[in-house]
>>> print(open('final_21.csv').read())   # CSV, C-alpha atoms
chain,number,residue,atom,x,y,z
A,1,MET,CA,0.7,10.0,-22.5
A,2,HIS,CA,-1.0,7.2,-24.3
A,3,TYR,CA,-0.2,3.8,-22.8
A,4,THR,CA,-2.3,0.6,-23.3
A,5,GLY,CA,-2.0,-2.1,-20.7
A,6,THR,CA,1.1,-2.8,-18.7
A,7,VAL,CA,4.1,-0.9,-20.0
A,8,TRP,CA,7.1,-3.2,-20.5
A,9,ARG,CA,10.7,-2.2,-21.0
A,10,PRO,CA,14.1,-3.8,-20.3
A,11,PRO,CA,15.7,-3.0,-16.9
A,12,TYR,CA,18.6,-1.3,-18.6
A,13,GLU,CA,16.1,1.2,-20.3
A,14,ALA,CA,15.1,2.6,-16.9
A,15,TRP,CA,16.4,6.1,-17.8
A,16,SER,CA,14.9,6.2,-21.3
A,17,ALA,CA,11.8,8.1,-22.1
A,18,LEU,CA,8.9,5.8,-23.1
A,19,LEU,CA,6.9,6.5,-26.2
A,20,GLN,CA,4.1,4.2,-27.3
A,21,VAL,CA,4.0,3.6,-31.1
A,22,THR,CA,2.4,0.1,-31.0
A,23,ALA,CA,0.5,-1.9,-28.5
A,24,GLY,CA,0.3,-5.6,-28.2
A,25,CYS,CA,2.3,-8.2,-30.1
A,26,THR,CA,2.1,-9.2,-33.8
A,27,HIS,CA,3.0,-12.8,-33.0
A,28,HIS,CA,1.1,-13.5,-29.8
A,29,LYS,CA,1.8,-17.2,-30.0
A,30,CYS,CA,4.6,-18.0,-27.6
A,31,LYS,CA,3.4,-20.7,-25.2
A,32,PHE,CA,5.0,-19.2,-22.1
A,33,CYS,CA,4.0,-15.5,-22.6
A,34,THR,CA,1.3,-13.7,-20.7
A,35,LEU,CA,2.8,-10.2,-20.9
A,36,TYR,CA,0.1,-8.7,-23.2
A,37,GLU,CA,-3.0,-10.4,-21.8
A,38,ASP,CA,-4.3,-7.1,-20.5
A,39,VAL,CA,-4.2,-5.5,-23.9
A,40,PRO,CA,-7.8,-5.4,-25.3
A,41,PHE,CA,-6.7,-6.4,-28.8
A,42,LYS,CA,-3.8,-8.4,-30.4
A,43,PHE,CA,-1.9,-5.6,-32.0
A,44,ARG,CA,-2.4,-1.9,-32.9
A,45,ILE,CA,-0.3,0.8,-34.5
A,46,SER,CA,-0.6,4.2,-32.8
A,47,ALA,CA,-1.9,7.0,-35.0
A,48,MET,CA,0.7,9.7,-35.8
A,49,GLN,CA,-1.5,12.3,-34.1
A,50,GLU,CA,-1.3,10.2,-30.8
A,51,ILE,CA,2.5,9.9,-31.2
A,52,GLU,CA,2.9,13.6,-31.8
A,53,ALA,CA,0.7,14.5,-28.8
A,54,ASP,CA,2.9,12.3,-26.6
A,55,LEU,CA,6.1,13.9,-28.0
A,56,LYS,CA,4.7,17.3,-27.2
A,57,GLU,CA,4.0,16.2,-23.6
A,58,LEU,CA,7.5,14.7,-23.3
A,59,TYR,CA,9.0,18.0,-24.5
A,60,PHE,CA,7.0,19.9,-21.9
A,61,HIS,CA,8.0,17.7,-19.0
A,62,SER,CA,11.5,16.4,-20.2
A,63,PRO,CA,12.9,18.5,-23.0
A,64,ASP,CA,16.4,17.2,-22.5
A,65,VAL,CA,15.6,13.5,-23.4
A,66,THR,CA,18.6,11.9,-25.1
A,67,ARG,CA,17.3,8.3,-25.3
A,68,LEU,CA,13.8,7.2,-26.4
A,69,PHE,CA,12.4,3.7,-26.0
A,70,LEU,CA,9.5,2.8,-28.2
A,71,VAL,CA,6.8,0.9,-26.3
A,72,GLY,CA,5.1,-2.2,-27.5
A,73,ALA,CA,6.1,-5.9,-27.9
A,74,ASN,CA,7.8,-5.4,-31.3
A,75,PRO,CA,7.6,-1.9,-32.7
A,76,PHE,CA,10.5,-2.8,-35.1
A,77,VAL,CA,7.8,-4.6,-37.2
A,78,LEU,CA,6.8,-1.2,-38.5
A,79,SER,CA,8.0,-0.4,-42.0
A,80,THR,CA,11.3,1.4,-42.5
A,81,ALA,CA,9.4,4.5,-43.7
A,82,LYS,CA,7.1,4.5,-40.7
A,83,LEU,CA,10.1,4.1,-38.3
A,84,ARG,CA,12.0,6.9,-40.1
A,85,ASN,CA,8.9,9.2,-39.8
A,86,ILE,CA,8.7,8.5,-36.1
A,87,ALA,CA,12.4,9.3,-35.6
A,88,TYR,CA,12.1,12.5,-37.7
A,89,LEU,CA,9.0,13.6,-35.7
A,90,ALA,CA,10.7,12.8,-32.4
A,91,LYS,CA,13.7,15.0,-33.2
A,92,GLN,CA,11.4,17.9,-34.0
A,93,TYR,CA,10.4,18.0,-30.4
A,94,LEU,CA,13.4,16.4,-28.5
A,95,HIS,CA,16.4,18.4,-29.8
A,96,ARG,CA,18.9,16.4,-27.7
A,97,LEU,CA,17.6,13.0,-28.8
A,98,THR,CA,20.5,10.8,-30.0
A,99,THR,CA,19.3,7.2,-29.9
A,100,ILE,CA,16.0,5.3,-30.2
A,101,GLY,CA,15.5,1.7,-29.0
A,102,CYS,CA,12.7,-0.8,-28.9
A,103,PHE,CA,11.8,-4.4,-28.6
A,104,ALA,CA,12.0,-6.5,-31.8
A,105,ARG,CA,11.3,-10.0,-33.0
A,106,ILE,CA,13.7,-11.8,-35.4
A,107,THR,CA,10.9,-11.8,-37.9
A,108,ASP,CA,10.7,-8.0,-37.8
A,109,ILE,CA,14.3,-7.7,-39.2
A,110,SER,CA,13.7,-10.2,-42.1
A,111,PRO,CA,11.8,-7.9,-44.5
A,112,LYS,CA,14.3,-5.1,-44.0
A,113,SER,CA,17.3,-4.9,-46.4
A,114,ILE,CA,20.8,-4.0,-45.0
A,115,GLU,CA,20.4,-0.6,-46.8
A,116,GLU,CA,17.1,0.0,-44.9
A,117,LEU,CA,18.7,-1.0,-41.6
A,118,LYS,CA,21.5,1.5,-42.3
A,119,GLN,CA,18.9,4.2,-42.9
A,120,LEU,CA,17.3,3.4,-39.5
A,121,ARG,CA,20.8,3.5,-37.9
A,122,SER,CA,21.4,6.9,-39.4
A,123,CYS,CA,18.0,8.0,-37.9
A,124,GLY,CA,19.2,7.0,-34.4
A,125,PHE,CA,17.9,3.5,-34.1
A,126,ASN,CA,20.4,1.6,-31.9
A,127,GLY,CA,20.3,-0.8,-29.0
A,128,VAL,CA,17.4,-2.9,-30.2
A,129,THR,CA,16.3,-5.6,-27.7
A,130,ILE,CA,15.4,-9.0,-29.2
A,131,GLY,CA,13.7,-11.7,-27.1
A,132,VAL,CA,15.5,-14.6,-28.9
A,133,GLU,CA,15.0,-16.7,-25.7
A,134,THR,CA,17.3,-19.5,-27.0
A,135,GLY,CA,19.3,-20.8,-30.0
A,136,ASP,CA,17.9,-24.3,-29.6
A,137,ASP,CA,15.6,-25.3,-32.5
A,138,GLU,CA,13.6,-27.9,-30.6
A,139,ALA,CA,12.7,-25.3,-27.9
A,140,LEU,CA,12.0,-22.6,-30.4
A,141,ALA,CA,9.6,-24.9,-32.3
A,142,PHE,CA,7.9,-26.2,-29.2
A,143,MET,CA,7.3,-22.7,-27.8
A,144,HIS,CA,6.0,-21.4,-31.1
A,145,LYS,CA,8.6,-18.6,-31.4
A,146,GLY,CA,8.2,-18.5,-35.2
A,147,TYR,CA,11.8,-18.6,-36.3
A,148,THR,CA,14.9,-20.9,-36.2
A,149,SER,CA,18.5,-20.6,-35.0
A,150,THR,CA,19.5,-20.0,-38.6
A,151,ASP,CA,17.1,-17.1,-38.7
A,152,ILE,CA,18.7,-15.6,-35.6
A,153,LEU,CA,22.2,-15.8,-37.2
A,154,GLU,CA,21.1,-14.4,-40.5
A,155,GLN,CA,19.1,-11.5,-39.2
A,156,CYS,CA,21.5,-10.4,-36.5
A,157,ARG,CA,24.4,-10.5,-39.0
A,158,LYS,CA,22.4,-8.0,-41.0
A,159,LEU,CA,22.2,-5.7,-37.9
A,160,ASP,CA,25.9,-6.1,-37.4
A,161,GLU,CA,26.6,-5.0,-41.0
A,162,ALA,CA,24.2,-2.1,-40.6
A,163,GLY,CA,25.9,-1.0,-37.4
A,164,ILE,CA,22.8,-1.4,-35.2
A,165,GLU,CA,23.7,-2.6,-31.7
A,166,TYR,CA,21.4,-5.2,-30.3
A,167,ASN,CA,20.7,-7.0,-27.0
A,168,PHE,CA,19.4,-10.5,-26.4
A,169,PHE,CA,16.9,-11.7,-23.9
A,170,TYR,CA,17.5,-15.4,-22.9
A,171,LEU,CA,14.8,-17.4,-21.1
A,172,THR,CA,16.3,-19.6,-18.4
A,173,GLY,CA,14.2,-22.8,-18.1
A,174,ILE,CA,12.8,-22.8,-21.7
A,175,TYR,CA,14.0,-26.4,-22.4
A,176,GLY,CA,12.2,-28.3,-19.8
A,177,LYS,CA,13.4,-30.8,-17.2
A,178,GLY,CA,16.6,-32.7,-18.2
A,179,LYS,CA,17.1,-30.8,-21.5
A,180,SER,CA,19.1,-27.7,-20.5
A,181,ALA,CA,22.6,-29.1,-21.2
A,182,ASP,CA,21.9,-29.7,-24.9
A,183,GLY,CA,19.8,-26.5,-25.1
A,184,VAL,CA,22.5,-24.3,-23.7
A,185,GLU,CA,25.1,-26.0,-26.0
A,186,ASN,CA,23.0,-25.2,-29.0
A,187,THR,CA,22.4,-21.6,-27.8
A,188,LEU,CA,26.1,-21.0,-27.3
A,189,LYS,CA,26.7,-22.1,-30.9
A,190,VAL,CA,24.5,-19.2,-32.0
A,191,PHE,CA,25.3,-16.5,-29.4
A,192,ASN,CA,29.1,-17.0,-29.8
A,193,GLN,CA,28.9,-16.2,-33.5
A,194,LEU,CA,27.1,-12.9,-32.9
A,195,ASN,CA,27.8,-9.6,-31.1
A,196,PRO,CA,25.0,-8.8,-28.6
A,197,LYS,CA,26.0,-5.8,-26.5
A,198,ILE,CA,23.9,-7.2,-23.6
A,199,VAL,CA,22.7,-10.7,-22.9
A,200,GLY,CA,19.8,-10.3,-20.5
A,201,ALA,CA,18.4,-13.4,-18.8
A,202,SER,CA,14.8,-13.8,-17.5
A,203,MET,CA,13.8,-16.9,-15.6
A,204,LEU,CA,10.7,-18.8,-16.8
A,205,THR,CA,7.7,-18.2,-14.6
A,206,ILE,CA,4.6,-20.2,-15.7
A,207,TYR,CA,1.2,-18.7,-15.1
A,208,THR,CA,-2.1,-20.6,-15.3
A,209,ASN,CA,-3.4,-18.5,-18.2
A,210,SER,CA,-0.4,-19.5,-20.5
A,211,GLU,CA,-0.6,-22.2,-23.2
A,212,LEU,CA,2.5,-23.7,-21.6
A,213,TYR,CA,0.6,-24.4,-18.4
A,214,SER,CA,-1.9,-26.4,-20.4
A,215,GLU,CA,0.9,-28.4,-22.0
A,216,ILE,CA,2.1,-29.2,-18.5
A,217,GLN,CA,-1.3,-30.3,-17.4
A,218,LYS,CA,-1.5,-32.6,-20.5
A,219,GLY,CA,1.9,-34.1,-19.6
A,220,ASN,CA,3.6,-32.8,-22.7
A,221,TRP,CA,6.3,-30.7,-20.9
A,222,VAL,CA,7.9,-30.8,-17.4
A,223,GLU,CA,9.4,-27.7,-15.8
A,224,GLU,CA,12.9,-27.6,-14.6
A,225,SER,CA,13.5,-27.3,-10.8
A,226,GLU,CA,14.8,-23.9,-9.6
A,227,THR,CA,18.3,-25.3,-8.9
A,228,GLU,CA,18.3,-26.7,-12.5
A,229,LYS,CA,17.5,-23.3,-13.8
A,230,TYR,CA,20.4,-21.8,-11.9
A,231,ASN,CA,22.8,-24.5,-13.2
A,232,GLU,CA,21.5,-23.7,-16.7
A,233,LEU,CA,22.4,-20.1,-16.1
A,234,LYS,CA,25.9,-21.0,-15.0
A,235,MET,CA,26.4,-23.1,-18.1
A,236,LEU,CA,25.3,-20.2,-20.2
A,237,ILE,CA,27.7,-17.7,-18.5
A,238,ASN,CA,30.6,-20.2,-18.5
A,239,GLY,CA,30.1,-21.0,-22.2
A,240,LEU,CA,29.8,-17.4,-23.5
A,241,LEU,CA,33.1,-16.6,-25.2
A,242,ILE,CA,32.1,-13.2,-26.6
A,243,LYS,CA,32.7,-9.9,-25.1
A,244,THR,CA,29.3,-8.7,-23.7
A,245,HIS,CA,27.5,-7.5,-20.6
A,246,PHE,CA,25.5,-10.1,-18.9
A,247,ALA,CA,22.4,-9.0,-16.9
A,248,ALA,CA,20.0,-11.2,-15.0
A,249,LEU,CA,17.7,-8.5,-13.7
A,250,GLY,CA,14.0,-8.1,-13.3
A,251,ALA,CA,11.4,-9.7,-11.0
A,252,SER,CA,11.7,-13.2,-12.6
A,253,ASN,CA,15.2,-13.5,-11.2
A,254,ALA,CA,15.3,-14.1,-7.4
A,255,LEU,CA,19.0,-13.3,-7.7
A,256,GLN,CA,19.8,-10.0,-9.4
A,257,LEU,CA,23.2,-10.0,-11.0
A,258,HIS,CA,25.2,-8.4,-13.8
A,259,GLY,CA,28.7,-8.1,-15.0
A,260,ASP,CA,31.0,-7.9,-18.0
A,261,LEU,CA,32.1,-11.1,-19.8
A,262,PRO,CA,34.5,-12.5,-19.9
A,263,SER,CA,36.2,-10.5,-17.0
A,264,ASP,CA,33.4,-11.1,-14.4
A,265,LYS,CA,32.6,-14.7,-15.3
A,266,ALA,CA,34.0,-16.3,-12.1
A,267,GLU,CA,32.3,-13.7,-9.9
A,268,LEU,CA,28.9,-14.2,-11.5
A,269,ILE,CA,29.1,-18.0,-11.2
A,270,SER,CA,30.2,-17.7,-7.6
A,271,ALA,CA,27.2,-15.5,-6.8
A,272,ILE,CA,24.9,-18.2,-8.3
A,273,ASP,CA,26.6,-20.9,-6.3
A,274,GLU,CA,26.2,-18.9,-3.1
A,275,THR,CA,22.5,-18.2,-3.7
A,276,VAL,CA,21.6,-21.8,-4.4
A,277,ALA,CA,23.6,-23.0,-1.4
A,278,ARG,CA,22.0,-20.4,0.9
A,279,PHE,CA,18.4,-20.7,-0.1
A,280,GLY,CA,18.0,-24.1,-1.6
A,281,GLU,CA,15.3,-25.5,-3.9
A,282,ASN,CA,12.4,-25.0,-1.5
A,283,ARG,CA,12.9,-21.3,-0.8
A,284,LEU,CA,13.7,-20.5,-4.5
A,285,ARG,CA,10.6,-22.4,-5.5
A,286,GLN,CA,8.6,-20.4,-3.0
A,287,TYR,CA,9.8,-17.2,-4.5
A,288,ARG,CA,8.6,-18.4,-7.9
A,289,LYS,CA,5.2,-19.4,-6.6
A,290,ASN,CA,4.7,-16.0,-4.9
A,291,LEU,CA,5.6,-14.1,-8.0
A,292,LYS,CA,2.1,-12.9,-8.9
A,293,HIS,CA,3.2,-10.7,-11.8
A,294,LEU,CA,6.4,-10.1,-13.7
>>> encode(input="final_21.csv", output="structure tokens")
Amino acid sequence: MHYTGTVWRPPYEAWSALLQVTAGCTHHKCKFCTLYEDVPFKFRISAMQEIEADLKELYFHSPDVTRLFLVGANPFVLSTAKLRNIAYLAKQYLHRLTTIGCFARITDISPKSIEELKQLRSCGFNGVTIGVETGDDEALAFMHKGYTSTDILEQCRKLDEAGIEYNFFYLTGIYGKGKSADGVENTLKVFNQLNPKIVGASMLTIYTNSELYSEIQKGNWVEESETEKYNELKMLINGLLIKTHFAALGASNALQLHGDLPSDKAELISAIDETVARFGENRLRQYRKNLKHL
């Protein structure tokens, strides 16, 4: 199989077959991100010969694959025609394949019409994971995400109309010290108008090779404490009024938790309270400091 650098996928895609179709990120400007630092270029599209060779290998080892996850920071940036060709080729080898997922940026959806998105849905694209991080415009601008809260609403409504299910990644701690209450409130205004099947939460972990670390050194941004981050997570869970699955999984979260909203809301908040009370700021901060890699 052709893989370049560290292979990233959401925790809930653990049972999906992984196929590289892009490597790196088209944006590569988010101040907090270091995920693709080990890729020797900014972004590359895999040749169809490479993709076909990997599909042959998948067929040889796992012919009964039903779910495929396309590897890369944002494969959904590829044209509708390219994505359709990949889906068509995949189904030539994986006869039981039913759905295809991948990471996407909000800006990857923008050029695609609703009709094109419907075509991709008919090809099997479903369960696209979008790292929106927040719905707060101040934080989005500071972190150089490259889109606004209005863009999130407009583009995800297109996915809704096309019948493509999507998942959100939320970045706990993105606002900085003392700003989480307003940030979460603005995020809820966005999330509660949409239909993410999963809201996944990662917790901000700052590495010295990130642009955000440089901003901290210059005094332009102050990190939230660990207990602040958990209070922020509680505010998010408590304020989500939509029916969705909440999942704070992955290494960035010292506490791994998941459940359905709204039914498991009290249980999730109680688990956070118990964790903060049991470990406290110092031990939670120690976990963050010892997290050498996500």
>>> atom_distance(input="final_21.csv", atom1="atom CA of A:Pro10", atom2="atom CA of A:Glu154")
23.9 Å
>>> atom_distance(input="final_21.csv", atom1="atom CA of A:Ser180", atom2="atom CA of A:Arg9")
26.9 Å
>>> atom_distance(input="final_21.csv", atom1="atom CA of A:Ile174", atom2="atom CA of A:Glu232")
10.1 Å
>>> residues_near_point(input="final_21.csv", point="(14.1, 11.3, -13.9)", cutoff="12 Å", atoms="all atoms listed in the file", output="MDAnalysis selection string")
chainID A and resid 14:18 58 61:65
>>> closest_residue(input="final_21.csv", among="A:Phe125, A:Tyr36, A:Tyr59, A:Tyr213", to="A:Thr80", atoms="all atoms listed in the file")
A:Phe125
>>> residues_near_point(input="final_21.csv", point="(32.5, -14.1, -17.6)", cutoff="9 Å", atoms="all atoms listed in the file", output="mmCIF file with C-alpha atoms, in the coordinates of the input")
data_model
loop_
_atom_site.group_PDB
_atom_site.id
_atom_site.type_symbol
_atom_site.label_atom_id
_atom_site.label_comp_id
_atom_site.auth_asym_id
_atom_site.auth_seq_id
_atom_site.Cartn_x
_atom_site.Cartn_y
_atom_site.Cartn_z
ATOM 1 C CA ILE A 237 27.700 -17.700 -18.500
ATOM 2 C CA ASN A 238 30.600 -20.200 -18.500
ATOM 3 C CA GLY A 239 30.100 -21.000 -22.200
ATOM 4 C CA LEU A 240 29.800 -17.400 -23.500
ATOM 5 C CA LEU A 241 33.100 -16.600 -25.200
ATOM 6 C CA LYS A 243 32.700 -9.900 -25.100
ATOM 7 C CA THR A 244 29.300 -8.700 -23.700
ATOM 8 C CA HIS A 245 27.500 -7.500 -20.600
ATOM 9 C CA PHE A 246 25.500 -10.100 -18.900
ATOM 10 C CA GLY A 259 28.700 -8.100 -15.000
ATOM 11 C CA ASP A 260 31.000 -7.900 -18.000
ATOM 12 C CA LEU A 261 32.100 -11.100 -19.800
ATOM 13 C CA PRO A 262 34.500 -12.500 -19.900
ATOM 14 C CA SER A 263 36.200 -10.500 -17.000
ATOM 15 C CA ASP A 264 33.400 -11.100 -14.400
ATOM 16 C CA LYS A 265 32.600 -14.700 -15.300
ATOM 17 C CA ALA A 266 34.000 -16.300 -12.100
ATOM 18 C CA GLU A 267 32.300 -13.700 -9.900
ATOM 19 C CA LEU A 268 28.900 -14.200 -11.500
ATOM 20 C CA ILE A 269 29.100 -18.000 -11.200
#
